[in-house]
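Enquirer: Provided below: model.cif, containing mmCIF, C-alpha atoms.
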data_work
loop_
_atom_site.label_atom_id
_atom_site.label_comp_id
_atom_site.auth_asym_id
_atom_site.auth_seq_id
_atom_site.Cartn_x
_atom_site.Cartn_y
_atom_site.Cartn_z
CA MET A 1484 63.97 38.74 -36.34
CA SER A 1485 61.03 41.04 -36.59
CA MET A 1486 60.56 44.16 -34.54
CA GLU A 1487 57.61 42.65 -32.70
CA ILE A 1488 59.67 39.79 -31.35
CA VAL A 1489 62.39 42.15 -30.14
CA VAL A 1490 59.83 44.34 -28.41
CA PHE A 1491 58.18 41.30 -26.85
CA VAL A 1492 61.46 39.93 -25.50
CA VAL A 1493 62.53 43.31 -24.08
CA LEU A 1494 59.17 43.88 -22.38
CA ALA A 1495 58.99 40.32 -21.10
CA LEU A 1496 62.43 40.60 -19.53
CA ALA A 1497 61.52 43.97 -18.06
CA ALA A 1498 58.35 42.54 -16.52
CA MET A 1499 60.09 39.51 -15.04
CA VAL A 1500 63.17 41.31 -13.77
CA SER A 1501 61.24 44.12 -12.15
CA GLY A 1502 58.86 41.59 -10.64
CA TRP A 1503 61.79 39.70 -9.17
CA LEU A 1504 63.37 42.94 -7.92
CA VAL A 1505 60.26 43.74 -5.90
CA PHE A 1506 61.36 41.19 -3.32
CA ARG A 1507 65.08 41.81 -3.54
CA VAL A 1508 65.54 45.54 -3.04
CA ASP A 1509 65.92 46.93 0.44
CA SER A 1510 63.94 50.09 0.03
CA MET A 1511 60.17 49.84 0.21
CA ALA A 1512 59.60 52.74 -2.13
CA ARG A 1513 61.81 51.10 -4.73
CA ALA A 1514 59.99 47.80 -4.32
CA THR A 1515 56.68 49.53 -5.05
CA PHE A 1516 58.00 51.32 -8.10
CA SER A 1517 59.59 48.14 -9.33
CA LEU A 1518 56.18 46.51 -9.13
CA LEU A 1519 54.84 49.48 -11.08
CA GLY A 1520 57.51 48.82 -13.70
CA SER A 1521 56.33 45.24 -14.03
CA PHE A 1522 52.74 46.37 -14.50
CA LEU A 1523 53.71 48.97 -17.10
CA ALA A 1524 55.71 46.39 -19.05
CA VAL A 1525 52.64 44.12 -19.12
CA ALA A 1526 50.48 47.08 -20.17
CA CYS A 1527 52.84 47.76 -23.10
CA LEU A 1528 52.64 44.08 -24.02
CA MET A 1529 48.90 44.53 -24.38
CA LEU A 1530 49.62 46.89 -27.26
CA LEU A 1531 51.10 43.92 -29.09
CA LEU A 1532 47.76 42.21 -28.52
CA ALA A 1533 45.70 44.98 -30.16
CA SER A 1534 44.27 46.17 -26.84
CA GLU A 1535 44.78 49.91 -26.77
CA PHE A 1536 42.00 50.56 -24.30
CA LEU A 1537 43.34 48.02 -21.81
CA PHE A 1538 46.82 49.44 -22.23
CA ALA A 1539 45.58 52.91 -21.37
CA ILE A 1540 43.50 51.94 -18.36
CA THR A 1541 46.14 49.59 -16.99
CA PHE A 1542 48.71 52.33 -17.28
CA LEU A 1543 46.55 54.89 -15.49
CA MET A 1544 45.15 52.56 -12.84
CA MET A 1545 48.45 50.99 -11.92
CA ILE A 1546 50.24 54.32 -11.59
CA GLY A 1547 47.51 55.54 -9.27
CA GLU A 1548 47.44 52.30 -7.29
CA MET A 1549 51.20 52.12 -6.85
CA VAL A 1550 51.48 55.72 -5.75
CA ILE A 1551 48.94 55.04 -3.02
CA MET A 1552 50.69 51.81 -2.15
CA VAL A 1553 53.93 53.73 -1.65
CA LEU A 1554 52.23 55.65 1.14
CA TYR A 1555 51.18 52.41 2.83
CA MET A 1556 54.59 50.84 2.39
CA ILE A 1557 56.32 53.79 3.95
CA ALA A 1558 53.78 53.91 6.77
CA PHE A 1559 53.96 50.24 7.66
CA MET A 1560 57.50 49.19 6.93
CA MET A 1561 60.48 50.09 8.99
CA ASN A 1562 62.97 50.63 6.20
CA PRO A 1563 61.42 52.92 3.63
CA ALA A 1564 64.58 54.50 2.30
CA GLY A 1565 66.63 51.35 2.17
CA LEU A 1566 69.39 52.71 4.30
CA ASN A 1567 69.88 49.42 6.12
CA PRO A 1568 70.05 46.03 4.50
CA MET A 1569 66.94 44.13 5.40
CA ASN A 1570 65.96 40.53 5.10
CA MET A 1571 62.47 39.90 6.39
CA VAL A 1572 61.76 36.53 4.91
CA HIS A 1573 60.61 33.27 6.31
CA GLN A 1574 60.82 29.80 4.72
CA PRO A 1575 62.87 31.17 1.77
CA ARG A 1576 63.73 27.77 0.31
CA TRP A 1577 60.20 26.39 0.43
CA ALA A 1578 58.92 29.59 -1.14
CA ALA A 1579 61.46 29.47 -3.97
CA ALA A 1580 60.68 25.79 -4.54
CA ALA A 1581 56.95 26.52 -4.60
CA GLY A 1582 57.48 29.30 -7.11
CA ILE A 1583 59.59 27.15 -9.39
CA VAL A 1584 57.20 24.20 -9.14
CA THR A 1585 54.25 26.47 -9.96
CA PHE A 1586 56.03 27.79 -13.02
CA LEU A 1587 57.05 24.32 -14.19
CA VAL A 1588 53.55 22.88 -13.77
CA LEU A 1589 51.96 25.80 -15.64
CA ALA A 1590 54.63 25.73 -18.35
CA SER A 1591 54.17 22.01 -18.93
CA VAL A 1592 50.39 22.45 -19.23
CA ILE A 1593 50.90 25.38 -21.62
CA LEU A 1594 53.32 23.51 -23.86
CA VAL A 1595 51.41 20.25 -23.91
CA THR A 1596 47.94 21.63 -24.58
CA ASP A 1597 46.72 22.02 -28.13
CA TRP A 1598 45.26 25.51 -28.01
CA PRO A 1599 42.32 26.25 -30.31
CA VAL A 1600 43.95 29.24 -31.95
CA SER A 1601 41.42 31.06 -34.06
CA GLU A 1602 41.99 32.52 -37.51
CA ALA A 1603 39.67 35.45 -36.91
CA ASN A 1604 40.90 39.01 -36.60
CA PRO A 1605 40.07 41.36 -33.78
CA PRO A 1606 37.42 43.98 -34.55
CA ALA A 1607 38.59 47.04 -36.43
CA ASP A 1608 37.87 49.38 -33.53
CA VAL A 1609 38.47 47.39 -30.39
CA THR A 1610 37.59 50.24 -28.05
CA ALA A 1611 34.19 50.74 -29.66
CA ALA A 1612 33.62 46.99 -29.49
CA ILE A 1613 34.38 47.02 -25.77
CA GLY A 1614 31.97 49.89 -25.27
CA HIS A 1615 29.17 48.15 -27.11
CA GLU A 1616 29.84 44.94 -25.24
CA LEU A 1617 30.00 46.52 -21.78
CA LEU A 1618 26.78 48.44 -22.26
CA GLY A 1619 25.09 45.65 -24.22
CA GLY A 1620 25.56 41.98 -23.59
CA SER A 1621 27.86 42.30 -20.60
CA MET A 1622 25.87 44.97 -18.80
CA LEU A 1623 25.11 42.61 -15.90
CA ILE A 1624 28.80 41.92 -15.33
CA PHE A 1625 29.55 45.62 -15.47
CA GLU A 1626 26.88 46.47 -12.92
CA THR A 1627 27.90 43.60 -10.65
CA ALA A 1628 31.50 44.82 -10.76
CA GLY A 1629 30.32 48.28 -9.78
CA VAL A 1630 28.33 46.96 -6.84
CA THR A 1631 31.30 44.81 -5.83
CA LEU A 1632 33.51 47.89 -5.80
CA LEU A 1633 30.95 49.72 -3.68
CA THR A 1634 30.78 46.81 -1.25
CA GLY A 1635 34.55 46.76 -1.12
CA MET A 1636 34.70 50.44 -0.30
CA ILE A 1637 32.13 50.12 2.47
CA ALA A 1638 33.96 47.10 3.91
CA VAL A 1639 37.24 48.99 3.80
CA MET A 1640 35.82 51.96 5.61
CA ALA A 1641 34.19 49.74 8.23
CA MET A 1642 37.40 47.86 8.91
CA ALA A 1643 39.71 50.82 8.94
CA ALA A 1644 37.60 53.16 11.05
CA ARG A 1645 39.19 54.15 14.30
CA ARG A 1646 36.19 53.15 16.34
CA GLY A 1647 36.36 49.68 14.86
CA ARG A 1648 33.79 47.70 13.02
CA PHE A 1649 31.44 47.36 15.97
CA GLY A 1650 31.23 51.06 16.70
CA ASP A 1651 30.03 51.84 20.18
CA ALA A 1652 28.54 48.41 20.71
CA ILE A 1653 31.51 46.88 22.46
CA GLN A 1654 34.26 48.05 24.69
CA VAL A 1655 37.60 47.40 23.03
CA GLN A 1656 40.91 47.26 24.80
CA ARG A 1657 43.32 49.38 22.84
CA GLU A 1658 46.94 50.34 23.26
CA ASP A 1659 46.36 53.82 22.01
CA ASP A 1660 43.65 55.99 23.43
CA ASP A 1661 42.32 59.08 21.85
CA GLY A 1662 42.92 61.42 24.70
CA GLY A 1663 41.13 61.72 28.01
CA GLY A 1664 41.08 57.99 28.73
CA HIS A 1665 37.31 57.73 28.44
CA ASP A 1666 36.04 54.37 27.28
CA HIS A 1667 33.74 53.66 24.42
CA GLY A 1668 30.54 51.68 24.65
CA GLY A 1669 29.99 52.63 28.23
CA HIS A 1670 27.19 51.58 30.48
CA HIS A 1671 23.81 52.07 28.91
CA MET B 239 55.11 35.11 -31.69
CA SER B 240 52.38 32.81 -30.53
CA LEU B 241 50.02 32.25 -27.67
CA GLU B 242 52.50 30.07 -25.79
CA TRP B 243 55.01 32.89 -25.42
CA PHE B 244 52.53 35.14 -23.68
CA LEU B 245 51.24 32.31 -21.51
CA LEU B 246 54.76 31.35 -20.47
CA LEU B 247 55.44 34.94 -19.47
CA GLY B 248 52.20 34.94 -17.50
CA ALA B 249 53.22 31.68 -15.83
CA ALA B 250 56.63 33.18 -14.96
CA LEU B 251 54.97 36.19 -13.34
CA ILE B 252 52.68 33.88 -11.38
CA GLY B 253 55.68 31.82 -10.24
CA ILE B 254 57.53 34.94 -9.09
CA GLY B 255 54.39 36.10 -7.31
CA VAL B 256 54.02 32.75 -5.51
CA TRP B 257 57.65 32.92 -4.38
CA GLY B 258 57.19 36.45 -3.09
CA ALA B 259 53.88 35.82 -1.39
CA LEU B 260 55.17 32.76 0.45
CA SER B 261 58.52 34.17 1.49
CA GLN B 262 57.71 37.65 2.74
CA MET B 263 56.97 38.30 6.38
CA SER B 264 55.33 41.65 6.00
CA ILE B 265 51.66 41.61 5.03
CA VAL B 266 52.13 44.50 2.60
CA MET B 267 54.92 42.69 0.75
CA LEU B 268 52.77 39.57 0.62
CA MET B 269 50.12 41.64 -1.08
CA MET B 270 52.64 42.76 -3.66
CA GLY B 271 53.17 39.07 -4.45
CA LEU B 272 49.43 38.68 -4.94
CA GLU B 273 49.39 41.69 -7.24
CA LEU B 274 52.16 40.16 -9.32
CA MET B 275 50.15 36.96 -9.68
CA LEU B 276 47.14 38.92 -10.85
CA ASN B 277 49.42 40.73 -13.27
CA GLY B 278 50.31 37.40 -14.84
CA VAL B 279 46.65 36.41 -14.96
CA LEU B 280 45.71 39.69 -16.64
CA LEU B 281 48.30 39.21 -19.37
CA SER B 282 47.14 35.63 -19.91
CA VAL B 283 43.50 36.70 -20.24
CA VAL B 284 44.32 39.30 -22.91
CA ALA B 285 46.53 36.80 -24.77
CA PHE B 286 43.71 34.25 -24.73
CA TRP B 287 41.33 36.84 -26.09
CA TYR B 288 43.66 37.80 -28.93
CA TYR B 289 44.59 34.31 -30.04
CA VAL B 290 41.58 32.17 -29.23
CA ALA B 291 38.48 34.38 -29.48
CA PRO B 292 39.27 37.78 -30.98
CA ASP B 293 36.02 38.31 -32.84
CA SER B 294 34.01 39.45 -29.84
CA ALA B 295 35.03 41.86 -27.09
CA LYS B 296 34.06 39.57 -24.22
CA GLY B 297 37.69 38.71 -23.48
CA GLN B 298 38.44 42.36 -22.96
CA VAL B 299 35.50 42.63 -20.56
CA PHE B 300 36.99 39.69 -18.65
CA ALA B 301 40.29 41.58 -18.45
CA ILE B 302 38.51 44.65 -17.10
CA ILE B 303 36.88 42.45 -14.44
CA VAL B 304 40.30 41.04 -13.46
CA MET B 305 41.60 44.56 -13.08
CA THR B 306 38.61 45.47 -10.93
CA LEU B 307 39.31 42.48 -8.71
CA MET B 308 42.93 43.58 -8.41
CA ALA B 309 41.88 46.96 -7.12
CA VAL B 310 39.27 45.61 -4.70
CA GLU B 311 41.68 43.02 -3.33
CA ALA B 312 44.39 45.60 -2.77
CA ALA B 313 42.01 47.93 -0.98
CA LEU B 314 40.63 45.20 1.28
CA GLY B 315 44.12 43.93 2.00
CA PHE B 316 45.22 47.34 3.17
CA ALA B 317 42.14 47.69 5.34
CA ILE B 318 42.99 44.36 6.95
CA VAL B 319 46.55 45.52 7.53
CA ILE B 320 45.27 48.62 9.26
CA ALA B 321 42.80 46.65 11.37
CA VAL B 322 45.46 44.12 12.41
CA TYR B 323 47.85 46.90 13.25
CA ARG B 324 45.30 48.72 15.36
CA GLY B 325 44.52 45.56 17.28
CA LYS B 326 47.96 44.16 17.80
CA MET B 327 50.51 46.79 16.76
CA LEU B 328 52.19 44.48 14.27
CA ASP B 329 52.34 44.12 10.51
CA THR B 330 53.87 40.71 9.92
CA VAL B 331 52.11 37.47 9.11
CA ASP B 332 54.06 35.55 11.71
CA GLY B 333 52.52 37.55 14.49
CA ALA B 334 48.98 37.25 13.16
CA GLY B 335 48.65 33.51 13.69
CA ASP B 336 45.98 33.55 16.39
CA LEU B 337 43.63 31.29 14.48
CA LYS B 338 46.32 28.78 13.55
CA GLY B 339 46.03 25.11 14.36
#
Once more with this new file: its structure as structure tokens, please.

Expert:
Amino acid sequence: MSMEIVVFVVLALAAMVSGWLVFRVDSMARATFSLLGSFLAVACLMLLLASEFLFAITFLMMIGEMVIMVLYMIAFMMNPAGLNPMNMVHQPRWAAAAGIVTFLVLASVILVTDWPVSEANPPADVTAAIGHELLGGSMLIFETAGVTLLTGMIAVMAMAARRGRFGDAIQVQREDDDGGGHDHGGHH
Amino acid sequence: MSLEWFLLLGAALIGIGVWGALSQMSIVMLMMGLELMLNGVLLSVVAFWYYVAPDSAKGQVFAIIVMTLMAVEAALGFAIVIAVYRGKMLDTVDGAGDLKG
């Protein structure tokens, strides 16, 4: 059994087990880091697929994303340290059945299809090829992705702003008031 | 090691993500299920590039786009969580069913 197969099996098991653990552990911080473990296992699998650049950016991006997600998990969930056993699930059997059915349908399609596997080799310097492609033929996709990210950031700030997405235009009933009890969007 | 192995792993991650997204009550945990699904998709895209069309770098660009979508979706999901919490002081999907039915 070659080294590659051993590495693949170890990383695949790591990805699946840590993905499953995300929904089984009691502590929210551990769930987030378990999800990070799943992402890092998939990033290492990309090294087996001759994608060093994607490995590096997945590694960096996912670590940053999960560390920020930990903050949100701890802020929004009631059991961040896992000191109490917690079971906040609904429809557990239907969800498990849906997951298994999804996997079986996808697996049957994967095994039945005759994939057009190509004999070609990847380019000698994949990173340089990505650079030429992003700034050459795929420039439009690159720019559109950038504008999409900008739109996303503006939408996020509009939705998460304390004064709401309508600003002073409407009067909003809120549980929390920011001191003084004065109302927004008064009489103009 | 062939294409099917990577695709089966991707399908397994998608299945685990579906289970998690459908079973969790908290919106943030549901988003972790969505992230797991996108994880499976990302691995499948890179596997397709390597085995089916490795001579150009367009598959890698597709993978970068998938990763961009992952980040945007996570950010928007968290903004929605904050907005729902500010309006109704809750963070579970069961309580956010105002538009149901």

Enquirer: Have a look at CA of Leu1587 (chain A) and CA of Phe1538 (chain A) and let me know their distance in Å, one decimal.

Expert: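 Taking CA of Leu1587 (chain A) as the start and CA of Phe1538 (chain A) as the end point, the length is 28.3 Å.
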
Enquirer: Could you tell me, as a ChimeraX atom specification, exactly which residues end up selected when the PyMOL selection byres ((chain B) within 7 of (chain A)) is applied to this structure?

Expert: /B:239,242,245-247,249-251,253-254,256-258,260-263,266,274,277,281,285,288-293,295-296,298-299,303,310,313-314,317-318,320-321,325,329

Enquirer: As an exercise, work out the distance from CA of Leu268 (chain B) to CA of Gly315 (chain B) in Å and give it to one decimal place.

Expert: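 Computing it gives 9.8 Å between the two atoms.
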
Enquirer: Taking into account all atoms listed in the file, which residue in the set B:Phe316, B:Gly335, B:Lys326, B:Trp287 is nearest to Met267 (chain B)?

Expert: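 Among B:Phe316, B:Gly335, B:Lys326, B:Trp287, it is B:Phe316 that comes nearest to Met267 (chain B).
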
Enquirer: Rounded to one decimal place, report the CA of Val322 (chain B)-CA of Gly255 (chain B) distance in Å.

Expert: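 Pair CA of Val322 (chain B) / CA of Gly255 (chain B) returns 23.1 Å.
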
Enquirer: Excluding same-chain residues fewer than 6 positions from Ala301 (chain B), what lies within 8 Å of it counting all atoms listed in the file, as a ChimeraX atom specification?

Expert: /A:1537 /B:280,283-284

Enquirer: Could those selected residues go to a file with C-alpha atoms, as an mmCIF file, in the frame of the given file?

Expert:
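This went into again.cif:
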data_model
loop_
_atom_site.group_PDB
_atom_site.id
_atom_site.type_symbol
_atom_site.label_atom_id
_atom_site.label_comp_id
_atom_site.auth_asym_id
_atom_site.auth_seq_id
_atom_site.Cartn_x
_atom_site.Cartn_y
_atom_site.Cartn_z
ATOM 1 C CA LEU A 1537 43.340 48.020 -21.810
ATOM 2 C CA LEU B 280 45.710 39.690 -16.640
ATOM 3 C CA VAL B 283 43.500 36.700 -20.240
ATOM 4 C CA VAL B 284 44.320 39.300 -22.910
#
